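J.: File upload-v8.csv below, CSV, C-alpha atoms:
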```csv
chain,number,residue,atom,x,y,z
A,1,MET,CA,55.0,73.9,142.4
A,2,SER,CA,56.1,77.4,141.4
A,3,ALA,CA,55.1,80.4,143.5
A,4,LEU,CA,52.2,82.8,142.7
A,5,TRP,CA,52.0,86.5,143.4
A,6,LEU,CA,49.3,89.1,142.9
A,7,HIS,CA,50.6,92.1,141.1
A,8,PRO,CA,48.9,95.1,142.8
A,9,ASP,CA,48.5,97.2,139.7
A,10,ALA,CA,47.4,94.5,137.2
A,11,ARG,CA,45.2,92.7,139.7
A,12,THR,CA,46.1,89.4,137.9
A,13,ILE,CA,47.7,86.3,139.2
A,14,VAL,CA,51.1,85.6,137.7
A,15,GLU,CA,53.1,82.4,138.1
A,16,ASP,CA,56.8,82.7,138.8
A,17,MET,CA,59.6,80.8,137.2
A,18,ASP,CA,60.3,77.3,138.5
A,19,ILE,CA,64.1,77.4,138.7
A,20,THR,CA,64.2,73.6,139.4
A,21,ASN,CA,62.7,72.6,136.1
A,22,ALA,CA,63.0,75.4,133.5
A,23,THR,CA,64.7,75.6,130.1
A,24,VAL,CA,66.3,79.0,130.0
A,25,PHE,CA,68.2,81.0,127.4
A,26,ILE,CA,70.6,83.7,128.7
A,27,PRO,CA,72.4,85.8,126.1
A,28,GLY,CA,75.4,87.6,127.6
A,29,ALA,CA,76.2,84.7,129.9
A,30,THR,CA,79.9,84.2,129.2
A,31,SER,CA,81.0,86.2,132.2
A,32,GLY,CA,79.9,88.1,135.3
A,33,ILE,CA,76.3,88.0,136.4
A,34,GLY,CA,75.1,86.1,133.3
A,35,LEU,CA,77.5,83.3,133.7
A,36,GLY,CA,77.0,83.1,137.5
A,37,LEU,CA,73.3,83.0,137.1
A,38,ALA,CA,73.5,80.3,134.4
A,39,ARG,CA,75.5,78.1,136.8
A,40,ARG,CA,73.2,78.7,139.7
A,41,LEU,CA,70.1,77.9,137.6
A,42,GLN,CA,71.8,74.8,136.2
A,43,ASP,CA,72.7,73.7,139.8
A,44,ALA,CA,69.0,74.2,140.8
A,45,GLY,CA,67.9,71.8,138.1
A,46,SER,CA,67.2,73.9,135.1
A,47,THR,CA,68.5,73.3,131.5
A,48,VAL,CA,70.5,76.4,130.6
A,49,VAL,CA,71.5,77.7,127.1
A,50,ILE,CA,74.0,80.5,127.1
A,51,GLY,CA,74.8,83.0,124.3
A,52,GLY,CA,77.7,85.3,123.6
A,53,ARG,CA,79.8,86.7,120.8
A,54,ARG,CA,83.0,84.8,121.3
A,55,GLU,CA,82.6,81.2,120.0
A,56,SER,CA,85.9,80.0,121.5
A,57,LEU,CA,84.7,81.1,124.9
A,58,LEU,CA,81.4,79.5,124.3
A,59,ALA,CA,83.1,76.2,123.4
A,60,SER,CA,85.2,76.4,126.6
A,61,LEU,CA,82.1,77.0,128.8
A,62,HIS,CA,80.3,74.1,127.1
A,63,ALA,CA,83.3,71.8,127.8
A,64,GLU,CA,83.6,73.0,131.4
A,65,HIS,CA,79.9,73.3,132.5
A,66,GLY,CA,77.9,71.4,129.9
A,67,PHE,CA,75.8,74.3,128.7
A,68,ASP,CA,74.4,74.3,125.3
A,69,THR,CA,75.6,77.5,123.6
A,70,VAL,CA,74.8,79.7,120.7
A,71,ALA,CA,76.7,82.6,119.1
A,72,ILE,CA,74.7,85.9,119.4
A,73,ASP,CA,75.4,89.6,119.1
A,74,VAL,CA,72.5,91.4,120.6
A,75,ALA,CA,73.5,94.6,118.7
A,76,ASP,CA,72.7,92.8,115.4
A,77,PRO,CA,69.1,92.1,114.6
A,78,ASP,CA,70.0,89.3,112.2
A,79,SER,CA,72.2,87.6,114.8
A,80,ILE,CA,69.3,87.7,117.3
A,81,SER,CA,66.9,86.1,114.8
A,82,ALA,CA,69.4,83.4,113.8
A,83,ALA,CA,70.2,82.6,117.4
A,84,ALA,CA,66.5,82.4,118.3
A,85,SER,CA,65.9,79.9,115.5
A,86,THR,CA,68.9,77.8,116.6
A,87,VAL,CA,67.8,77.8,120.3
A,88,LEU,CA,64.2,77.0,119.6
A,89,ALA,CA,65.0,74.2,117.2
A,90,ALA,CA,67.2,72.5,119.7
A,91,HIS,CA,65.0,73.3,122.8
A,92,PRO,CA,61.3,73.4,121.8
A,93,SER,CA,60.5,73.2,125.5
A,94,LEU,CA,62.2,76.6,126.2
A,95,ASP,CA,60.1,78.5,128.7
A,96,ALA,CA,62.4,81.3,130.0
A,97,VAL,CA,64.5,84.0,128.6
A,98,ILE,CA,66.7,86.4,130.6
A,99,THR,CA,67.8,89.4,128.6
A,100,MET,CA,71.2,89.7,130.3
A,101,SER,CA,73.4,91.4,127.6
A,102,GLY,CA,74.5,94.9,128.3
A,103,ILE,CA,77.4,97.4,128.0
A,104,MET,CA,78.4,100.2,130.3
A,105,ARG,CA,80.6,103.1,129.2
A,106,ALA,CA,81.7,106.3,130.8
A,107,GLU,CA,80.7,109.4,128.8
A,108,ASP,CA,81.7,113.1,129.0
A,109,LEU,CA,78.5,115.0,128.0
A,110,ARG,CA,80.5,118.2,127.5
A,111,SER,CA,81.8,116.8,124.2
A,112,ALA,CA,79.8,115.3,121.3
A,113,VAL,CA,82.5,112.6,121.0
A,114,HIS,CA,80.5,110.6,123.5
A,115,GLN,CA,77.7,110.0,120.9
A,116,ALA,CA,79.3,106.8,119.4
A,117,ASP,CA,79.2,105.3,122.9
A,118,ALA,CA,75.7,106.5,123.4
A,119,VAL,CA,74.5,104.8,120.2
A,120,ASP,CA,76.2,101.6,121.0
A,121,THR,CA,74.7,101.5,124.5
A,122,VAL,CA,71.2,102.2,123.3
A,123,THR,CA,71.6,99.6,120.5
A,124,THR,CA,72.8,96.9,122.9
A,125,ASN,CA,70.9,97.6,126.1
A,126,LEU,CA,67.6,98.9,124.9
A,127,LEU,CA,67.1,97.7,121.4
A,128,GLY,CA,68.8,94.4,122.2
A,129,THR,CA,66.3,93.8,124.9
A,130,ILE,CA,63.3,94.7,122.7
A,131,ARG,CA,64.6,92.5,119.8
A,132,LEU,CA,65.3,89.6,122.1
A,133,ILE,CA,61.8,89.7,123.5
A,134,ASP,CA,60.3,90.0,120.0
A,135,ALA,CA,62.3,87.0,118.8
A,136,PHE,CA,61.2,84.7,121.6
A,137,LEU,CA,57.8,85.9,122.7
A,138,PRO,CA,55.7,84.2,120.0
A,139,HIS,CA,57.2,80.8,121.2
A,140,LEU,CA,56.8,81.7,124.9
A,141,LEU,CA,53.1,82.5,124.4
A,142,THR,CA,52.6,78.9,123.2
A,143,ARG,CA,54.0,77.4,126.4
A,144,PRO,CA,51.6,76.5,129.3
A,145,ALA,CA,53.7,78.8,131.5
A,146,SER,CA,56.8,80.8,130.7
A,147,THR,CA,58.9,83.7,131.9
A,148,ILE,CA,60.7,86.7,130.6
A,149,ILE,CA,63.3,88.3,132.9
A,150,THR,CA,64.5,91.7,131.8
A,151,VAL,CA,67.7,93.1,133.4
A,152,SER,CA,67.6,96.8,134.4
A,153,SER,CA,69.8,98.3,137.2
A,154,GLY,CA,69.6,100.3,140.4
A,155,LEU,CA,71.0,103.1,138.2
A,156,ALA,CA,67.6,103.1,136.4
A,157,TYR,CA,66.2,104.8,139.4
A,158,THR,CA,69.3,106.7,140.7
A,159,PRO,CA,71.7,107.4,137.8
A,160,LEU,CA,75.4,107.3,137.8
A,161,ALA,CA,76.4,110.6,136.2
A,162,ALA,CA,79.6,109.1,134.7
A,163,THR,CA,77.5,106.6,132.7
A,164,PRO,CA,74.5,108.6,131.6
A,165,THR,CA,73.3,106.6,128.6
A,166,TYR,CA,73.7,103.3,130.5
A,167,SER,CA,71.6,104.7,133.3
A,168,ALA,CA,69.0,106.0,130.8
A,169,THR,CA,68.8,102.7,128.9
A,170,LYS,CA,68.2,100.9,132.1
A,171,ALA,CA,65.4,103.3,133.1
A,172,ALA,CA,63.9,102.6,129.6
A,173,VAL,CA,64.2,98.9,130.2
A,174,HIS,CA,62.3,99.3,133.4
A,175,SER,CA,59.5,101.3,131.8
A,176,TYR,CA,59.4,98.9,128.8
A,177,THR,CA,59.1,95.9,131.2
A,178,GLN,CA,56.1,97.5,132.9
A,179,SER,CA,54.3,98.0,129.6
A,180,LEU,CA,55.2,94.4,128.5
A,181,ARG,CA,53.9,93.0,131.8
A,182,GLN,CA,50.6,94.9,131.4
A,183,GLN,CA,50.1,93.9,127.8
A,184,LEU,CA,50.8,90.2,128.7
A,185,ALA,CA,48.5,90.2,131.7
A,186,GLY,CA,46.3,87.1,131.5
A,187,SER,CA,48.7,85.3,129.1
A,188,PRO,CA,50.9,82.4,130.1
A,189,VAL,CA,54.0,84.7,130.2
A,190,SER,CA,55.2,86.1,133.5
A,191,VAL,CA,57.4,89.2,133.2
A,192,LEU,CA,60.0,89.8,135.9
A,193,GLU,CA,62.7,92.5,136.2
A,194,LEU,CA,66.1,91.8,137.7
A,195,VAL,CA,67.4,95.0,139.3
A,196,PRO,CA,71.1,94.6,140.2
A,197,PRO,CA,73.0,97.1,142.3
A,198,ALA,CA,76.8,97.5,141.7
A,199,VAL,CA,78.2,94.0,141.5
A,200,ALA,CA,81.9,93.1,141.4
A,201,THR,CA,82.2,92.1,137.7
A,202,ASP,CA,84.2,93.3,134.7
A,203,LEU,CA,81.2,95.2,133.2
A,204,MET,CA,83.3,98.4,132.8
A,205,GLY,CA,86.5,96.5,131.9
A,206,ALA,CA,89.0,94.2,133.6
A,207,GLY,CA,90.3,95.5,136.8
A,208,VAL,CA,87.7,98.4,137.1
A,209,ASP,CA,86.4,98.3,140.7
A,210,PHE,CA,83.5,100.5,141.5
A,211,GLY,CA,82.7,99.1,144.9
A,212,GLY,CA,80.2,96.4,143.9
A,213,MET,CA,78.9,93.7,146.2
A,214,PRO,CA,80.6,90.3,145.8
A,215,LEU,CA,79.2,88.4,142.9
A,216,ASP,CA,78.5,85.2,144.9
A,217,ASP,CA,76.6,87.1,147.5
A,218,PHE,CA,74.4,88.8,144.8
A,219,LEU,CA,73.7,85.5,143.1
A,220,SER,CA,72.8,83.7,146.3
A,221,GLU,CA,70.3,86.4,147.1
A,222,VAL,CA,68.8,86.5,143.6
A,223,VAL,CA,68.3,82.7,143.5
A,224,SER,CA,66.7,82.8,146.9
A,225,LEU,CA,64.3,85.5,145.7
A,226,LEU,CA,63.5,83.6,142.5
A,227,ALA,CA,62.9,80.4,144.4
A,228,SER,CA,60.6,82.2,146.9
A,229,GLY,CA,58.5,84.0,144.3
A,230,SER,CA,59.4,87.5,145.4
A,231,GLY,CA,57.3,89.3,142.9
A,232,PRO,CA,57.7,91.3,139.7
A,233,GLU,CA,60.9,93.0,140.7
A,234,ILE,CA,63.9,91.0,141.9
A,235,LEU,CA,65.5,93.3,144.4
A,236,VAL,CA,68.4,92.4,146.6
A,237,GLN,CA,68.9,94.4,149.8
A,238,ASN,CA,71.9,96.4,148.4
A,239,VAL,CA,69.8,97.9,145.6
A,240,LEU,CA,66.9,99.1,147.8
A,241,PRO,CA,68.4,102.6,148.5
A,242,LEU,CA,68.8,103.2,144.8
A,243,ARG,CA,65.4,101.7,143.9
A,244,TRP,CA,63.4,103.8,146.4
A,245,SER,CA,65.6,107.0,146.5
A,246,GLU,CA,63.0,109.2,144.9
A,247,ARG,CA,60.3,108.0,147.2
A,248,ASP,CA,62.6,108.4,150.2
A,249,GLY,CA,63.8,111.9,149.3
A,250,THR,CA,67.4,110.8,149.0
A,251,GLN,CA,67.8,110.7,145.2
A,252,GLN,CA,69.9,113.8,144.7
A,253,GLN,CA,72.1,113.0,147.7
A,254,LEU,CA,72.8,109.6,146.3
A,255,ILE,CA,73.4,110.9,142.7
A,256,GLU,CA,76.0,113.2,144.2
A,257,ALA,CA,77.5,110.5,146.3
A,258,LEU,CA,77.8,108.1,143.3
A,259,ALA,CA,79.3,110.9,141.2
A,260,SER,CA,82.0,111.6,143.8
A,261,ARG,CA,83.3,108.0,143.7
A,262,GLY,CA,84.7,108.7,140.2
A,263,HIS,CA,86.9,111.6,141.4
```
Written as structure tokens, how would this file's structure read?
T.:
Amino acid sequence: MSALWLHPDARTIVEDMDITNATVFIPGATSGIGLGLARRLQDAGSTVVIGGRRESLLASLHAEHGFDTVAIDVADPDSISAAASTVLAAHPSLDAVITMSGIMRAEDLRSAVHQADAVDTVTTNLLGTIRLIDAFLPHLLTRPASTIITVSSGLAYTPLAATPTYSATKAAVHSYTQSLRQQLAGSPVSVLELVPPAVATDLMGAGVDFGGMPLDDFLSEVVSLLASGSGPEILVQNVLPLRWSERDGTQQQLIEALASRGH
């Protein structure tokens, strides 16, 4: 039996994802948080389909872990549509999508050279999220109960100055998620938001260490929160200072502290 929570704003009962018996699609799951979460959900009893751009890597992960896989580039609307058709044809019982794909690039706002990175980041992180939801929502609305999990970031609430467009897109994903949740109130679709802190992955490139929490620790806490039905935002302890910095009056102090790490 999956957990229920009462969203304080919508005043509607929403059913959380049953991680022991879901059929889940995770684009951007060939490494890092996406791959780790795919493995944890599979271990919990879910059927997991992973997506990514590199077909050789997808084939390797299929051989190693048994995931069904699909090639997808979330920066390409046609690729998203094709992948959705492939996934739904193979898995008509699909009842969960986690919009994991994202890129994070440093930008110097004193030069317009950064605009190419800004466009790529908006296209992948924000438009990719919107297009993924659009591609799968009609199907999810037909299921007795289903779940969309968007992926924002602690930097949505307390930005990292070195990655301004990344932080801005994650703030936009948070806002979009709130609107989506409200529009789907009373429907079979639950809308959750995963809010990672800094996690030790290769998001900014191999060997780039920005002091993230160990991936296994993050995944264990996330799976525990999902299993317990923690509510609309999936918040590990490490992300709480970023999530609530404006409320707590510590936002500017934390922005400056984060900025100082890059110098």
J.: Could you name the residues that touch segment 90-96 of chain A at 8 Å or less, counting all atoms listed in the file, but leaving out those on the same chain fewer than 6 positions away, as an MDAnalysis selection string?
T.: chainID A and resid 17 22:25 140 143 145:149
J.: Which residues are close to Leu126 of chain A, i.e. within 8 Å by all atoms listed in the file, leaving aside same-chain residues fewer than 5 positions away? Reply as a list in words.
T.: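 So the residues in contact are Thr121, Thr169, Lys170, Ala172 and Val173 of chain A.
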J.: Write out, as a tab-separated table, each residue of segment 88-158 of chain A that has an atom at most 12 Å from segment 27-40 of chain A, together with the closest pair of atoms and their distance in Å to one decimal, counting all atoms listed in the file, rows going by chain and rising number.
T.:
```
residue	atom	partner	partner_atom	distance
A:Ala96	CA	A:Pro27	CA	11.6
A:Val97	CA	A:Pro27	CA	8.5
A:Ile98	CA	A:Pro27	CA	7.3
A:Thr99	CA	A:Pro27	CA	6.4
A:Met100	CA	A:Gly28	CA	5.4
A:Ser101	CA	A:Gly28	CA	4.3
A:Gly102	CA	A:Gly28	CA	7.4
A:Ile103	CA	A:Gly28	CA	10.0
A:Thr124	CA	A:Gly28	CA	10.7
A:Asn125	CA	A:Gly28	CA	11.1
A:Gly128	CA	A:Pro27	CA	10.1
A:Thr129	CA	A:Pro27	CA	10.1
A:Leu132	CA	A:Pro27	CA	9.0
A:Ile133	CA	A:Pro27	CA	11.6
A:Ile149	CA	A:Pro27	CA	11.6
A:Thr150	CA	A:Pro27	CA	11.4
A:Val151	CA	A:Gly34	CA	10.2
```
J.: With all atoms listed in the file as the counted atoms, please give the residues lying no more than 7 Å from Leu242 of chain A, apart from itself and same-chain residues fewer than 2 positions off, as a ChimeraX atom specification.
T.: /A:154-155,157-158,239-240,244-245
J.: Set the distance at 12 Å and use all atoms listed in the file: which residues neighbour Ser79 of chain A once local chain neighbours fewer than 4 positions away are removed? I'd like the list as a list of chain:residue names.
T.: A:Pro27, A:Gly51, A:Gly52, A:Arg53, A:Val70, A:Ala71, A:Ile72, A:Asp73, A:Val74, A:Ala75, A:Ala83, A:Ala84, A:Ser85, A:Thr86, A:Gly128, A:Arg131, A:Leu132, A:Ala135
J.: Here is a test: counting only C-alpha atoms, which residue of A:Gly249, A:Ser228, A:Tyr176, A:Glu107 is nearest to Val119 of chain A?
T.: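 Answer, going by the shortest atom-to-atom distance: A:Glu107.
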